[in-house]
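Chemist: Structure file entry.cif, mmCIF, C-alpha atoms and all ligand atoms, is pasted below:
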```
data_run
loop_
_atom_site.label_atom_id
_atom_site.label_comp_id
_atom_site.auth_asym_id
_atom_site.auth_seq_id
_atom_site.Cartn_x
_atom_site.Cartn_y
_atom_site.Cartn_z
CA MET G 1 109.55 111.62 111.88
CA ILE G 2 107.37 109.90 114.46
CA PRO G 3 106.72 106.30 113.47
CA GLY G 4 103.21 104.90 113.60
CA ALA G 5 100.18 106.10 111.65
CA ARG G 6 96.59 105.02 111.14
CA LEU G 7 95.70 105.67 107.53
CA ILE G 8 93.22 104.68 104.88
CA ILE G 9 94.27 104.96 101.28
CA LEU G 10 91.36 105.08 98.85
CA GLY G 11 91.74 105.06 95.08
CA ARG G 12 90.80 103.21 91.94
CA GLN G 13 92.39 99.79 91.52
CA GLY G 14 95.50 100.32 89.43
CA ALA G 15 96.12 103.81 90.83
CA GLY G 16 99.45 102.64 92.23
CA LYS G 17 97.84 102.33 95.66
CA GLY G 18 99.38 98.93 96.51
CA THR G 19 102.95 100.02 95.80
CA GLN G 20 102.55 103.32 97.67
CA CYS G 21 100.96 101.51 100.63
CA VAL G 22 103.94 99.14 100.86
CA ARG G 23 106.29 102.15 100.91
CA LEU G 24 104.17 103.97 103.49
CA SER G 25 104.06 100.92 105.73
CA ARG G 26 107.89 100.71 105.69
CA HIS G 27 108.22 104.45 106.25
CA TYR G 28 105.90 104.53 109.26
CA VAL G 29 106.84 101.00 110.41
CA VAL G 30 103.24 99.83 110.50
CA PRO G 31 101.53 96.82 108.93
CA HIS G 32 100.15 97.16 105.41
CA ILE G 33 96.68 95.66 105.62
CA SER G 34 95.39 94.93 102.13
CA THR G 35 92.03 93.18 102.03
CA GLY G 36 92.72 92.12 98.43
CA ASP G 37 96.00 90.44 99.56
CA MET G 38 94.17 88.76 102.45
CA LEU G 39 91.54 87.38 100.07
CA ARG G 40 94.19 86.23 97.58
CA ALA G 41 96.00 84.41 100.43
CA ALA G 42 92.72 82.68 101.31
CA VAL G 43 92.34 81.67 97.63
CA ARG G 44 95.86 80.18 97.62
CA GLU G 45 95.16 78.31 100.85
CA GLY G 46 91.92 76.96 99.37
CA THR G 47 89.84 77.93 102.42
CA GLU G 48 86.05 78.21 102.22
CA LEU G 49 86.40 82.01 102.20
CA GLY G 50 89.00 81.73 99.43
CA MET G 51 86.78 79.60 97.20
CA MET G 52 83.86 81.97 97.60
CA ALA G 53 86.03 85.07 97.14
CA LYS G 54 87.74 83.78 93.98
CA GLU G 55 84.48 83.62 92.08
CA VAL G 56 83.52 87.16 93.12
CA MET G 57 87.01 88.56 92.50
CA ASP G 58 87.44 86.98 89.05
CA ALA G 59 84.15 88.56 88.00
CA GLY G 60 85.30 91.97 89.31
CA GLY G 61 82.58 92.03 92.01
CA LEU G 62 82.74 92.92 95.70
CA VAL G 63 82.84 90.37 98.55
CA GLY G 64 79.96 90.90 101.02
CA ASP G 65 80.25 93.66 103.62
CA ASP G 66 79.71 91.39 106.66
CA ILE G 67 82.55 89.09 105.64
CA MET G 68 84.94 91.94 104.91
CA ILE G 69 84.09 93.81 108.12
CA GLY G 70 84.70 90.62 110.13
CA ILE G 71 88.10 90.08 108.52
CA VAL G 72 89.25 93.67 109.12
CA ASP G 73 87.88 93.82 112.65
CA GLU G 74 89.90 90.74 113.57
CA ARG G 75 93.05 92.00 111.84
CA LEU G 76 92.93 95.41 113.56
CA ARG G 77 92.74 93.68 116.95
CA ALA G 78 96.18 92.10 116.42
CA ASP G 79 98.97 93.60 118.57
CA ASP G 80 100.94 95.18 115.72
CA ALA G 81 97.95 97.17 114.47
CA ARG G 82 96.73 98.07 117.97
CA ASN G 83 100.12 99.25 119.17
CA ARG G 84 101.64 100.85 116.12
CA GLY G 85 98.94 101.63 113.55
CA TYR G 86 98.30 100.48 110.00
CA ILE G 87 97.88 101.39 106.36
CA LEU G 88 94.49 100.11 105.22
CA ASP G 89 94.48 99.38 101.49
CA GLY G 90 91.27 98.32 99.72
CA PHE G 91 89.03 98.79 102.76
CA PRO G 92 86.54 100.35 103.18
CA ARG G 93 84.99 100.04 99.74
CA THR G 94 81.39 100.80 100.68
CA VAL G 95 79.70 103.22 103.07
CA ALA G 96 78.54 100.27 105.22
CA GLN G 97 82.20 99.21 105.61
CA ALA G 98 83.22 102.80 106.46
CA GLU G 99 80.52 103.05 109.14
CA ALA G 100 81.62 99.74 110.66
CA LEU G 101 85.25 100.90 110.58
CA ASP G 102 84.33 104.04 112.50
CA SER G 103 82.96 101.93 115.34
CA ILE G 104 85.91 99.52 115.21
CA THR G 105 88.36 102.45 115.45
CA ALA G 106 86.31 104.59 117.88
CA GLU G 107 89.02 104.48 120.56
CA ARG G 108 91.91 105.06 118.16
CA PRO G 109 90.60 107.25 115.34
CA LEU G 110 92.22 107.43 111.91
CA HIS G 111 94.85 110.11 111.28
CA ALA G 112 93.87 110.60 107.65
CA VAL G 113 91.75 109.20 104.84
CA ILE G 114 93.64 109.78 101.64
CA ASP G 115 92.11 109.56 98.19
CA LEU G 116 94.94 108.77 95.79
CA ASP G 117 93.46 110.36 92.72
CA VAL G 118 94.30 108.94 89.29
CA PRO G 119 91.91 109.40 86.32
CA ARG G 120 90.19 106.29 84.90
CA GLU G 121 92.03 106.45 81.51
CA ILE G 122 95.45 106.40 83.21
CA VAL G 123 94.38 103.55 85.48
CA LEU G 124 93.27 101.46 82.48
CA GLU G 125 96.70 101.93 80.90
CA ARG G 126 98.49 100.95 84.11
CA ILE G 127 96.38 97.86 84.75
CA SER G 128 97.06 96.40 81.32
CA SER G 129 100.78 96.33 82.14
CA ARG G 130 100.37 95.29 85.80
CA ARG G 131 101.94 91.97 86.80
CA VAL G 132 102.02 90.48 90.28
CA CYS G 133 103.94 87.75 92.09
CA ARG G 134 101.51 84.90 92.78
CA ASP G 135 103.31 84.06 96.03
CA CYS G 136 104.24 87.31 97.79
CA GLY G 137 102.10 89.88 95.95
CA THR G 138 104.99 92.13 94.80
CA ASN G 139 103.80 94.32 91.91
CA TYR G 140 105.71 94.70 88.63
CA THR G 141 105.15 96.63 85.40
CA ALA G 142 105.40 94.77 82.10
CA THR G 143 107.49 96.48 79.43
CA GLY G 144 106.95 94.02 76.57
CA GLN G 145 110.52 92.70 76.98
CA ASP G 146 109.99 90.71 80.12
CA PRO G 147 111.62 87.41 81.12
CA SER G 148 109.59 84.26 80.50
CA PRO G 149 109.00 82.59 82.88
CA TRP G 150 109.11 85.74 85.00
CA ILE G 151 110.50 85.00 88.47
CA CYS G 152 109.90 87.35 91.41
CA ASP G 153 113.04 89.21 92.64
CA THR G 154 111.68 89.18 96.18
CA CYS G 155 110.68 85.55 96.72
CA GLY G 156 111.33 83.56 93.53
CA GLY G 157 107.59 83.04 92.88
CA ASP G 158 105.84 83.22 89.48
CA VAL G 159 105.11 86.74 88.21
CA GLN G 160 101.91 86.80 86.11
CA GLN G 161 98.91 88.94 85.21
CA ARG G 162 96.22 88.84 87.89
CA ASP G 163 93.22 86.61 87.08
CA ASP G 164 90.98 89.61 87.73
CA ASP G 165 92.89 91.95 85.39
CA THR G 166 90.91 90.90 82.28
CA PRO G 167 89.38 93.90 80.43
CA GLU G 168 85.82 92.83 81.41
CA ALA G 169 86.66 92.47 85.12
CA VAL G 170 88.67 95.70 85.13
CA ASN G 171 85.80 97.69 83.60
CA ARG G 172 83.32 96.15 86.03
CA ARG G 173 85.61 97.03 88.97
CA LEU G 174 85.98 100.60 87.78
CA ASP G 175 82.18 100.92 87.36
CA LEU G 176 81.69 99.47 90.83
CA TYR G 177 84.27 101.88 92.18
CA GLU G 178 82.26 104.80 90.80
CA SER G 179 78.97 103.51 92.21
CA GLN G 180 80.06 102.02 95.56
CA THR G 181 83.30 103.67 96.55
CA THR G 182 82.83 107.21 95.30
CA PRO G 183 80.10 107.79 97.96
CA LEU G 184 82.86 107.14 100.49
CA LYS G 185 84.45 110.38 99.43
CA ARG G 186 81.28 112.22 100.43
CA TYR G 187 81.19 110.23 103.68
CA TYR G 188 84.71 111.26 104.65
CA SER G 189 84.50 114.82 103.32
CA ALA G 190 81.36 115.53 105.32
CA ASP G 191 83.42 115.75 108.52
CA GLY G 192 86.60 117.00 106.87
CA ARG G 193 88.57 113.76 107.05
CA LEU G 194 89.18 113.28 103.33
CA VAL G 195 92.39 114.55 101.76
CA VAL G 196 92.83 114.22 98.01
CA VAL G 197 96.39 113.53 96.84
CA ASN G 198 97.32 113.68 93.16
CA GLY G 199 98.45 110.15 92.23
CA VAL G 200 99.74 111.04 88.75
CA GLY G 201 103.48 111.35 88.22
CA HIS G 202 106.70 109.60 89.19
CA PRO G 203 106.11 107.19 92.12
CA ASP G 204 108.76 109.02 94.20
CA HIS G 205 106.91 112.31 93.76
CA VAL G 206 103.58 110.70 94.63
CA PHE G 207 105.18 109.18 97.74
CA ALA G 208 106.55 112.58 98.81
CA ARG G 209 103.06 114.09 98.42
CA LEU G 210 101.61 111.28 100.53
CA THR G 211 104.10 111.62 103.39
CA SER G 212 103.78 115.39 103.55
CA THR G 213 99.99 114.97 103.69
CA VAL G 214 100.29 112.43 106.50
CA GLU G 215 102.70 114.65 108.47
CA SER G 216 100.30 117.56 108.29
CA HIS G 217 97.46 115.41 109.64
CA ARG G 218 99.10 113.76 112.64
P1 LIG D 301 92.32 94.69 95.40
O1 LIG D 301 93.57 93.87 95.52
O2 LIG D 301 92.18 95.71 96.49
O3 LIG D 301 92.16 95.27 94.02
O4 LIG D 301 91.08 93.68 95.63
C1 LIG D 301 90.85 92.60 94.75
C2 LIG D 301 89.42 92.15 94.87
O5 LIG D 301 89.16 91.66 96.19
C3 LIG D 301 88.36 93.22 94.63
O6 LIG D 301 88.10 93.43 93.25
C4 LIG D 301 87.16 92.62 95.36
O7 LIG D 301 86.59 91.57 94.61
C5 LIG D 301 87.82 91.97 96.59
N1 LIG D 301 87.90 92.92 97.72
C6 LIG D 301 89.02 93.45 98.30
N2 LIG D 301 88.72 94.28 99.30
C7 LIG D 301 87.36 94.30 99.37
C8 LIG D 301 86.43 95.01 100.20
N3 LIG D 301 86.83 95.88 101.15
N4 LIG D 301 85.10 94.76 99.99
C9 LIG D 301 84.68 93.91 99.05
N5 LIG D 301 85.50 93.22 98.23
C10 LIG D 301 86.84 93.41 98.38
#
```
Since I need it in another form, could you write the structure as structure tokens?
Ligand code: AMP
Modeler:
Amino acid sequence: MIPGARLIILGRQGAGKGTQCVRLSRHYVVPHISTGDMLRAAVREGTELGMMAKEVMDAGGLVGDDIMIGIVDERLRADDARNRGYILDGFPRTVAQAEALDSITAERPLHAVIDLDVPREIVLERISSRRVCRDCGTNYTATGQDPSPWICDTCGGDVQQRDDDTPEAVNRRLDLYESQTTPLKRYYSADGRLVVVNGVGHPDHVFARLTSTVESHR
């Protein structure tokens, strides 16, 4: 296995993308760059960006393209991403973001754009049981017999439901995904970059599918 990879993982929110991206980033020893995590960190820090983003995120909307492109451009210039690679999670979400990413990565093109495919009904089930550590972002699955208060095994932070995992916000996000993000699939299939990976099944099996896909594209 050669470490280092430059990957985009697309997929509906709740498709298990976050957890798989963390595993991929450990496997290939590259940073996991999640725009959602970056925005949530800005919310916690109470920055101007965070205050603006919270309102949009809680309503299940999308933060403006210019802001998101600026954030990712800066992050991809950092040494770790330049030298080793990255797993991009949650970006791009619109064709405008994908076009900007192509110019940002012109000198070091992506190895693969993976669409982690999980049907909407399964995603809705998964999101209702999704819990997340407010401090470090580790994801958990609620079973109905969970500790209260629920303390994160990784950092000791509070594990709770995400503010944007209300049924209204989830449905709006899934609708937005269909209208804004689905065109990305056409964008990346047009030049043969898109690879669809079945995201249904045991997480270990999904991970094995992802790594074999990556190996065949590097
Ligand atoms: P995620 O953790 O990827 O589900 O992202 C949480 C929320 O952050 C999304 O519902 C959007 O409101 C916002 N967000 C994250 N990434 C982007 C992006 N690339 N473009 C616009 N909004 C984003």
Chemist: Check the smallest atom-to-atom distance from each of G:Arg82, G:Arg75, G:Arg162, G:Arg172 to Ser129 of chain G using only C-alpha atoms, then report the winner.
Modeler: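 That would be G:Arg162, the residue with the smallest distance to Ser129 of chain G.
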Chemist: Please identify all protein, DNA and RNA residues within 8 Å of ligand LIG 301 (chain D), counting all atoms listed in the file, and report them as a ChimeraX atom specification.
Modeler: /G:13-14,18,34-37,39-40,53-54,56-65,68-69,89-94,97,164,173
Chemist: Applying 10 Å and only C-alpha atoms, which residues near Ile151 of chain G remain after dropping the ones on its own chain fewer than 5 positions away? List them as JSON, numbers by chain.
Modeler: {"G": [133, 134, 156, 157, 158, 159, 160]}
Chemist: I need the residues from that last selection saved to file as a PDB file, in the coordinates of the input (with C-alpha atoms), if you can.
Modeler:
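Contents of the output file out_36.pdb:
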```
ATOM      1  CA  CYS G 133     103.940  87.750  92.090  1.00  0.00           C
ATOM      2  CA  ARG G 134     101.510  84.900  92.780  1.00  0.00           C
ATOM      3  CA  GLY G 156     111.330  83.560  93.530  1.00  0.00           C
ATOM      4  CA  GLY G 157     107.590  83.040  92.880  1.00  0.00           C
ATOM      5  CA  ASP G 158     105.840  83.220  89.480  1.00  0.00           C
ATOM      6  CA  VAL G 159     105.110  86.740  88.210  1.00  0.00           C
ATOM      7  CA  GLN G 160     101.910  86.800  86.110  1.00  0.00           C
TER       8      GLN G 160
END
```
Chemist: Tell me which of G:Thr182, G:Ser216, G:Asn198, G:Thr166 sits closest to Val95 of chain G, counting only C-alpha atoms.
Modeler: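 Closest candidate: G:Thr182.
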Chemist: Around (82.9, 103.2, 110.2) in the file's own coordinates, what residues are found within 12 Å if you use all atoms listed in the file, given back as a ChimeraX atom specification?
Modeler: /G:8,65,69,72-73,91-106,109-110,113,184,187-188
Chemist: Would you save the residues of that selection, restricted to C-alpha atoms, as a PDB file, in the coordinates of the input?
Modeler:
```
ATOM      1  CA  ILE G   8      93.220 104.680 104.880  1.00  0.00           C
ATOM      2  CA  ASP G  65      80.250  93.660 103.620  1.00  0.00           C
ATOM      3  CA  ILE G  69      84.090  93.810 108.120  1.00  0.00           C
ATOM      4  CA  VAL G  72      89.250  93.670 109.120  1.00  0.00           C
ATOM      5  CA  ASP G  73      87.880  93.820 112.650  1.00  0.00           C
ATOM      6  CA  PHE G  91      89.030  98.790 102.760  1.00  0.00           C
ATOM      7  CA  PRO G  92      86.540 100.350 103.180  1.00  0.00           C
ATOM      8  CA  ARG G  93      84.990 100.040  99.740  1.00  0.00           C
ATOM      9  CA  THR G  94      81.390 100.800 100.680  1.00  0.00           C
ATOM     10  CA  VAL G  95      79.700 103.220 103.070  1.00  0.00           C
ATOM     11  CA  ALA G  96      78.540 100.270 105.220  1.00  0.00           C
ATOM     12  CA  GLN G  97      82.200  99.210 105.610  1.00  0.00           C
ATOM     13  CA  ALA G  98      83.220 102.800 106.460  1.00  0.00           C
ATOM     14  CA  GLU G  99      80.520 103.050 109.140  1.00  0.00           C
ATOM     15  CA  ALA G 100      81.620  99.740 110.660  1.00  0.00           C
ATOM     16  CA  LEU G 101      85.250 100.900 110.580  1.00  0.00           C
ATOM     17  CA  ASP G 102      84.330 104.040 112.500  1.00  0.00           C
ATOM     18  CA  SER G 103      82.960 101.930 115.340  1.00  0.00           C
ATOM     19  CA  ILE G 104      85.910  99.520 115.210  1.00  0.00           C
ATOM     20  CA  THR G 105      88.360 102.450 115.450  1.00  0.00           C
ATOM     21  CA  ALA G 106      86.310 104.590 117.880  1.00  0.00           C
ATOM     22  CA  PRO G 109      90.600 107.250 115.340  1.00  0.00           C
ATOM     23  CA  LEU G 110      92.220 107.430 111.910  1.00  0.00           C
ATOM     24  CA  VAL G 113      91.750 109.200 104.840  1.00  0.00           C
ATOM     25  CA  LEU G 184      82.860 107.140 100.490  1.00  0.00           C
ATOM     26  CA  TYR G 187      81.190 110.230 103.680  1.00  0.00           C
ATOM     27  CA  TYR G 188      84.710 111.260 104.650  1.00  0.00           C
TER      28      TYR G 188
END
```
Chemist: Quick check, in Å to one decimal: how far apart do atom CA of Arg131 of chain G and atom CA of Ala169 of chain G lie?
Modeler: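 Computing it gives 15.4 Å between the two atoms.
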Chemist: Which is closest to Leu194 of chain G among G:His32, G:Arg12, G:Arg84, G:His111, if we use only C-alpha atoms?
Modeler: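 With only C-alpha atoms as the atom set, the closest residue is G:His111.
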Chemist: So, with all atoms listed in the file as the atoms that count, which of G:Glu45, G:Ala5, G:Leu116, G:Glu121 lies closest to Asn171 of chain G?
Modeler: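 Smallest separation from Asn171 of chain G among the options: G:Glu121.
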Chemist: Just the residues within 7 Å of Val29 of chain G, please, counting all atoms listed in the file, with nothing from its chain fewer than 2 positions along; format it as a list in words.
Modeler: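 Residues near the query, excluding close chain neighbours: Pro3, Gly4, Ser25, Arg26, His27 and Pro31 of chain G.
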Chemist: Can you find the residues with an atom no farther than 10 Å from (95.2, 102.0, 85.7), counting all atoms listed in the file, and report them as a list in words?
Modeler: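 The residues that fall inside the cut-off are Arg12, Gln13, Gly14, Ala15, Gly16, Val118, Pro119, Arg120, Glu121, Ile122, Val123, Leu124, Glu125, Arg126, Ile127, Ser128, Ser129, Arg130, Val170 and Leu174 of chain G.
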Chemist: Which distance in Å separates atom CA of Cys152 of chain G and atom CA of Val132 of chain G, to one decimal?
Modeler: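 Going from atom CA of Cys152 of chain G over to atom CA of Val132 of chain G, I get 8.6 Å.
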Chemist: Could you tell me how far atom CA of Thr19 of chain G sits from atom CA of Thr141 of chain G, in Å to one decimal place?
Modeler: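 About the pair atom CA of Thr141 of chain G and atom CA of Thr19 of chain G: they are 11.2 Å apart.
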Chemist: From the options G:Ala112, G:Ala142, G:Ile71, G:Met38, which residue's atoms come nearest to Leu210 of chain G, counting only C-alpha atoms?
Modeler: G:Ala112
Chemist: So which residues touch Thr211 of chain G within 12 Å, counting only C-alpha atoms, skipping near sequence neighbours fewer than 4 positions away, as a PDB file with C-alpha atoms, keeping the file's coordinate frame?
Modeler:
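Once written, around13.pdb looks like this:
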```
ATOM      1  CA  MET G   1     109.550 111.620 111.880  1.00  0.00           C
ATOM      2  CA  ILE G   2     107.370 109.900 114.460  1.00  0.00           C
ATOM      3  CA  PRO G   3     106.720 106.300 113.470  1.00  0.00           C
ATOM      4  CA  ALA G   5     100.180 106.100 111.650  1.00  0.00           C
ATOM      5  CA  LEU G   7      95.700 105.670 107.530  1.00  0.00           C
ATOM      6  CA  GLN G  20     102.550 103.320  97.670  1.00  0.00           C
ATOM      7  CA  CYS G  21     100.960 101.510 100.630  1.00  0.00           C
ATOM      8  CA  ARG G  23     106.290 102.150 100.910  1.00  0.00           C
ATOM      9  CA  LEU G  24     104.170 103.970 103.490  1.00  0.00           C
ATOM     10  CA  SER G  25     104.060 100.920 105.730  1.00  0.00           C
ATOM     11  CA  ARG G  26     107.890 100.710 105.690  1.00  0.00           C
ATOM     12  CA  HIS G  27     108.220 104.450 106.250  1.00  0.00           C
ATOM     13  CA  TYR G  28     105.900 104.530 109.260  1.00  0.00           C
ATOM     14  CA  ALA G 112      93.870 110.600 107.650  1.00  0.00           C
ATOM     15  CA  ILE G 114      93.640 109.780 101.640  1.00  0.00           C
ATOM     16  CA  VAL G 197      96.390 113.530  96.840  1.00  0.00           C
ATOM     17  CA  ASP G 204     108.760 109.020  94.200  1.00  0.00           C
ATOM     18  CA  HIS G 205     106.910 112.310  93.760  1.00  0.00           C
ATOM     19  CA  VAL G 206     103.580 110.700  94.630  1.00  0.00           C
ATOM     20  CA  PHE G 207     105.180 109.180  97.740  1.00  0.00           C
ATOM     21  CA  GLU G 215     102.700 114.650 108.470  1.00  0.00           C
ATOM     22  CA  SER G 216     100.300 117.560 108.290  1.00  0.00           C
ATOM     23  CA  HIS G 217      97.460 115.410 109.640  1.00  0.00           C
ATOM     24  CA  ARG G 218      99.100 113.760 112.640  1.00  0.00           C
TER      25      ARG G 218
END
```
